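A.B. asks: Here it is, the structure, as structure tokens.
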Amino acid sequence: MTDAARTTTAPLAEPTARPRTVALRPFGLDGARTGPISAVTGFLLIAVWFLVSHYRLVTPLFLPAPGEVAAQFIAILEDGYAGATLGEHVSASLLRILAAALIAASLGIPLGLAMGLNRWAKGVLDTPIEFYWPLPPLAYLPLMIIWLGIGEVSKIALLTLAMFAPICLSAQAGLRSLPIERVNAALSLGATRWQLFRAIVLPSALPEILTGLRIAIGVGWSTLVAAELIAATRGIGFMIMSASHFLATDVVFVGIGIIAAWAFAFSYGMRLLESWLVPWKGKT
Amino acid sequence: MLRVQNASVFFPGRDGGVIHALDRASLDIDANSVVVALGASGCGKSTLLNAIAGFLPLSDGRITLDGQPVERPGADRGVVFQKDTLLPWKSVLDNVALGLDFAGLPLRERRDRAAELLRLVGLEGFAKSAPHELSGGMRQRVGIARALATDPKILLMDEPFGALDSLTREQMQELLIDVWARTGKRIFFITHSIEEALFLGTTVVVMSPRPGRIVARFDLDFVRRFAAERDVRAILSDPAFGDLHNRIRDLVHRPHHATVHRGETLQ
Ligand SMILES: Nc1ncnc2c1ncn2[C@@H]1O[C@H](COP(=O)(O)OP(=O)(O)OP(=O)(O)O)[C@@H](O)[C@H]1O
Ligand SMILES: [Mg+2]
């Protein structure tokens with residue numbers, strides 16, 4: 001027995017409650033709770049709005065009181081606005097953006113993947129995409145109207161074009177981020193080309209594709225409203241535009257609020273989709 | 001038998017030059033043997049393995065497996081990579097079953113077989129875990145189980161334990177010997193560690209860089225002894241082990257001055 005071999009044991013504390021669980025310290029926010037802070041901020045903004053209109057710091061023509069906006073919202077809900085019910089305006093807008101998102105995704109994802117895999121696909125499609133996608137969609141809206149008329153087709157086509165590029169580019173980026181070892185591992189497990197694509201390539205690219213889809217939906221909303229401002233007889237954007245002709249600022253506010261609510265719902269839905277489809281994201 | 005005959009690989013270098021990564025390497029890997037390639041960084045070990053796996057075409061020479069020329073990757077050669085290549089969206093069990101999925105086995109069967117392999121590598125309790133919940137050593141064990149699942153004719157391992165700490169590494173070496181003794185798989189194994197090479201190999205080939213060459217070959221029996229007696233200390237304290245260790249070290253550090261000649265065999 002040498003001294004060096006002696007060991008000591010600290011007296012064990014009696015376990016009382018469930019032990020404190022811990023996790024790796026994150027970098028950046030990484031899911032830290034921001035909800036309460038955001039809620040308070042929103043509440044403060046509305047309070048400021050109340051005060052400003054209550055003390056008439058700004059003329060109601062520029063900034064209607066919250067109560068007025070709420071009353072106007074209920075009125076529109078009951079009686080509609082500019083020849084259509086609120087439901088018709090909202091569903092017209094939603095239909096356009098959803099149809100366009102569906103078309104853009106079902107073209108953009110396969111074409112983007114093809115461009116990442118095939119020299120010819122990349123070579124041929126790069127030129128038109130690189131040419132058109134930096135253009136602001138409103139610059140070619142007149143063309144869409146001349147070619148496709150003033151109806152739904154031209155607006156859906158415009159939105160599809162605006163949403164296609166980010167989806168297609170993100171699918172390509174997803175392929176570029178695929179590690180070659182992963183491909184080699186699958187091939188030496190006997191994967192055929194199609195199995196490789198389904199089991200390795202597609203899931204590896206999925207996180208990037210979903211990010212692209214999120215960006216596309218943001219682009220979609222801004223393009224949608226702008227297009228409806230210019231050429232439509234239905235839709236939230238149209239509602240806002242016609243209200244502005246009559247200086248009905250409260251209706252404009254109602255329209256903006258509705259768009260904000262829907263855009264928020266969409267991005268929340270995308271987040272749900274992400275946590276459902278790619279729960280492993282960020283965990284190598 | 002896996003047979004490498006006069007395999008040469010040239011990579012395109014800078015300024016229009018070429019890099020001679022592998023120079024007329026010849027190697028046979030018989031049934032039930034563990035061939036270990038040992039050498040300094042950049043001597044062409046991975047190049048040789050990638051060629052055997054079918055990831056890299058040869059500039060010259062040929063590789064055959066049971067008489068069939070090797071041209072592409074395939075399930076008859078299982079590969080364990082240094083970097084773990086498990087799929088983060090699949091559970092440990094489904095990762096192991098991946099090759100069986102590709103082979104079209106029904107779900108029940110591939111789950112059963114994968115569970116059996118997890119038992120073989122001592123991870124039966126982690127079937128449902130996600131890969132990122134495992135330690136590096138455990139992930140590497142999953143990698144071995146996955147490579148074994150398709151029952152390949154040979155296991156190719158490129159520094160599979162290189163990223164592990166030395167204690168885990170020793171455990172993994174013993175695990176690999178177990179797996180080898182039980183399945184009788186042929187193994188081609190790459191390492192930087194002389195000790196690991198001596199401990200695992202029935203044959204050790206020493207490689208030297210620029211151009212990558214096999215400069216010596218030793219036939220050993222330490223691994224068979226370990227598999228039979230399971231006594232690490234007896235092997236490590238065997239004077240023959242220390243002797244070889246020194247000679248191979250000289251060879252690795254000064255390949256062109258060493259007194260051992262190409263093709264030397266030692267029982
Ligand atoms: N794709 C490549 N293009 C050009 N040169 C390459 C390429 N891959 C490897 N080399 C060169 O070929 C030589 C052998 O490389 P290899 O990766 O086979 O070495 P290694 O023995 O596996 O080394 P390490 O032990 O560091 O992994 C090196 O000099 C390397 O620079
Ligand atoms: Mg290497």
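Chains: A, B, ... in order of the structure tokens. Residues: from 1 per chain. Ligands: from 1, in order shown.
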Please find the residues of chain A near chain B - the criterion being any atom within 10 Å, counting only C-alpha atoms - and write them as a PyMOL selection string.
C.D. replies: chain A and resi 179-192+195-196+199-200+203-204+277-284
A.B. asks: Counting only C-alpha atoms and all ligand atoms, which protein, DNA or RNA residues come within 10 Å of ligand 2, given as a list in words?
C.D. replies: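 Answer in the requested format: Gly39, Ala40, Ser41, Gly42, Cys43, Gly44, Lys45, Ser46, Thr47, Leu48, Leu49, Asn50, Phe81, Gln82, Asp158, Glu159, Ile190, Thr191 and His192 of chain B.
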A.B. asks: Residues at most 9 Å from Arg213 in chain B, counting only C-alpha atoms, excluding those fewer than 4 positions away in the same chain, as number ranges by chain?
C.D. replies: B: 21-25, 43-44, 206-209
A.B. asks: Store the residues of this selection in a file with all heavy atoms, as a PDB file, in the first residue's frame.
C.D. replies:
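Written out: result.pdb:
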ATOM      1  N   ALA B  21       0.555   8.971 -56.830  1.00  0.00           N
ATOM      2  CA  ALA B  21       0.048   8.638 -55.501  1.00  0.00           C
ATOM      3  C   ALA B  21       0.229   7.159 -55.168  1.00  0.00           C
ATOM      4  O   ALA B  21       0.344   6.792 -54.010  1.00  0.00           O
ATOM      5  CB  ALA B  21      -1.425   9.025 -55.384  1.00  0.00           C
ATOM      6  N   LEU B  22       0.231   6.333 -56.198  1.00  0.00           N
ATOM      7  CA  LEU B  22       0.373   4.894 -55.951  1.00  0.00           C
ATOM      8  C   LEU B  22       1.189   4.301 -57.086  1.00  0.00           C
ATOM      9  O   LEU B  22       0.893   4.528 -58.260  1.00  0.00           O
ATOM     10  CB  LEU B  22      -1.013   4.239 -55.885  1.00  0.00           C
ATOM     11  CG  LEU B  22      -1.070   2.832 -55.295  1.00  0.00           C
ATOM     12  CD1 LEU B  22      -0.634   2.845 -53.838  1.00  0.00           C
ATOM     13  CD2 LEU B  22      -2.493   2.279 -55.395  1.00  0.00           C
ATOM     14  N   ASP B  23       2.230   3.558 -56.710  1.00  0.00           N
ATOM     15  CA  ASP B  23       3.154   3.070 -57.717  1.00  0.00           C
ATOM     16  C   ASP B  23       3.198   1.545 -57.714  1.00  0.00           C
ATOM     17  O   ASP B  23       3.754   0.939 -56.801  1.00  0.00           O
ATOM     18  CB  ASP B  23       4.546   3.657 -57.433  1.00  0.00           C
ATOM     19  CG  ASP B  23       5.564   3.231 -58.484  1.00  0.00           C
ATOM     20  OD1 ASP B  23       5.132   2.925 -59.620  1.00  0.00           O
ATOM     21  OD2 ASP B  23       6.758   3.189 -58.158  1.00  0.00           O
ATOM     22  N   ARG B  24       2.601   0.938 -58.692  1.00  0.00           N
ATOM     23  CA  ARG B  24       2.635  -0.512 -58.919  1.00  0.00           C
ATOM     24  C   ARG B  24       2.477  -1.329 -57.635  1.00  0.00           C
ATOM     25  O   ARG B  24       3.300  -2.171 -57.309  1.00  0.00           O
ATOM     26  CB  ARG B  24       3.935  -0.904 -59.630  1.00  0.00           C
ATOM     27  CG  ARG B  24       3.952  -0.510 -61.095  1.00  0.00           C
ATOM     28  CD  ARG B  24       5.350  -0.527 -61.639  1.00  0.00           C
ATOM     29  NE  ARG B  24       6.148   0.568 -61.082  1.00  0.00           N
ATOM     30  CZ  ARG B  24       7.472   0.635 -61.123  1.00  0.00           C
ATOM     31  NH1 ARG B  24       8.161  -0.330 -61.682  1.00  0.00           N
ATOM     32  NH2 ARG B  24       8.101   1.651 -60.610  1.00  0.00           N
ATOM     33  N   ALA B  25       1.407  -1.042 -56.934  1.00  0.00           N
ATOM     34  CA  ALA B  25       1.164  -1.794 -55.697  1.00  0.00           C
ATOM     35  C   ALA B  25       0.529  -3.133 -56.025  1.00  0.00           C
ATOM     36  O   ALA B  25      -0.377  -3.212 -56.844  1.00  0.00           O
ATOM     37  CB  ALA B  25       0.236  -0.995 -54.794  1.00  0.00           C
ATOM     38  N   CYS B  43       1.127   8.672 -48.106  1.00  0.00           N
ATOM     39  CA  CYS B  43       1.857   7.645 -48.842  1.00  0.00           C
ATOM     40  C   CYS B  43       0.931   6.810 -49.729  1.00  0.00           C
ATOM     41  O   CYS B  43       1.369   5.824 -50.314  1.00  0.00           O
ATOM     42  CB  CYS B  43       2.656   6.762 -47.897  1.00  0.00           C
ATOM     43  SG  CYS B  43       1.630   5.765 -46.839  1.00  0.00           S
ATOM     44  N   GLY B  44      -0.326   7.176 -49.814  1.00  0.00           N
ATOM     45  CA  GLY B  44      -1.206   6.509 -50.775  1.00  0.00           C
ATOM     46  C   GLY B  44      -2.086   5.423 -50.195  1.00  0.00           C
ATOM     47  O   GLY B  44      -2.677   4.640 -50.934  1.00  0.00           O
ATOM     48  N   VAL B 206       3.957  -2.172 -45.338  1.00  0.00           N
ATOM     49  CA  VAL B 206       4.441  -0.835 -45.014  1.00  0.00           C
ATOM     50  C   VAL B 206       4.568  -0.062 -46.311  1.00  0.00           C
ATOM     51  O   VAL B 206       5.105  -0.575 -47.290  1.00  0.00           O
ATOM     52  CB  VAL B 206       5.800  -0.907 -44.292  1.00  0.00           C
ATOM     53  CG1 VAL B 206       6.289   0.492 -43.949  1.00  0.00           C
ATOM     54  CG2 VAL B 206       5.679  -1.763 -43.045  1.00  0.00           C
ATOM     55  N   MET B 207       4.041   1.157 -46.301  1.00  0.00           N
ATOM     56  CA  MET B 207       4.084   1.957 -47.525  1.00  0.00           C
ATOM     57  C   MET B 207       4.959   3.180 -47.317  1.00  0.00           C
ATOM     58  O   MET B 207       5.134   3.650 -46.200  1.00  0.00           O
ATOM     59  CB  MET B 207       2.667   2.393 -47.917  1.00  0.00           C
ATOM     60  CG  MET B 207       1.783   1.192 -48.235  1.00  0.00           C
ATOM     61  SD  MET B 207       0.122   1.645 -48.754  1.00  0.00           S
ATOM     62  CE  MET B 207       0.454   2.481 -50.285  1.00  0.00           C
ATOM     63  N   SER B 208       5.540   3.675 -48.411  1.00  0.00           N
ATOM     64  CA  SER B 208       6.357   4.882 -48.326  1.00  0.00           C
ATOM     65  C   SER B 208       5.852   5.881 -49.363  1.00  0.00           C
ATOM     66  O   SER B 208       5.308   5.490 -50.389  1.00  0.00           O
ATOM     67  CB  SER B 208       7.818   4.543 -48.593  1.00  0.00           C
ATOM     68  OG  SER B 208       8.006   4.361 -49.979  1.00  0.00           O
ATOM     69  N   PRO B 209       6.015   7.157 -49.096  1.00  0.00           N
ATOM     70  CA  PRO B 209       5.443   8.179 -49.975  1.00  0.00           C
ATOM     71  C   PRO B 209       6.325   8.562 -51.154  1.00  0.00           C
ATOM     72  O   PRO B 209       7.500   8.264 -51.169  1.00  0.00           O
ATOM     73  CB  PRO B 209       5.272   9.383 -49.039  1.00  0.00           C
ATOM     74  CG  PRO B 209       6.322   9.229 -47.999  1.00  0.00           C
ATOM     75  CD  PRO B 209       6.615   7.752 -47.882  1.00  0.00           C
TER      76      PRO B 209
END
A.B. asks: Measure the distance from CA of Pro64 in chain A to CA of Leu247 in chain A in Å and round it to one decimal.
C.D. replies: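 Atom-to-atom, CA of Pro64 in chain A to CA of Leu247 in chain A, that is 11.2 Å.
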A.B. asks: When you look at range 168-172 of chain A with a cut-off of 12 Å (counting only C-alpha atoms), what residues show up, excluding the ones that are within fewer than 3 positions of it in the same chain? I need them as a ChimeraX atom specification.
C.D. replies: /A:103-118,121-122,125-126,129-130,133,160-165,175-178,201-216
A.B. asks: Rounded to one decimal, what separation in Å do you get between CA of Gly31 in chain A and CA of Ser135 in chain B?
C.D. replies: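 CA of Ser135 in chain B lies at a distance of 23.9 Å from CA of Gly31 in chain A.
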A.B. asks: Have a look at B:Gly122, B:Gly242, B:Gly162, B:Pro12 and name the one nearest to ligand 1; count only C-alpha atoms and all ligand atoms.
C.D. replies: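 Looking at the shortest contact to ligand 1, the residue is B:Pro12.
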A.B. asks: Taking the DSSP secondary structure from the backbone, can you list the residues of range 4-253 of chain A that are alpha helix (DSSP H), as a PyMOL selection string?
C.D. replies: chain A and resi 35-54+66-79+86-117+119-132+137-148+152-176+180-187+193-196+202-230+236-245+249-253
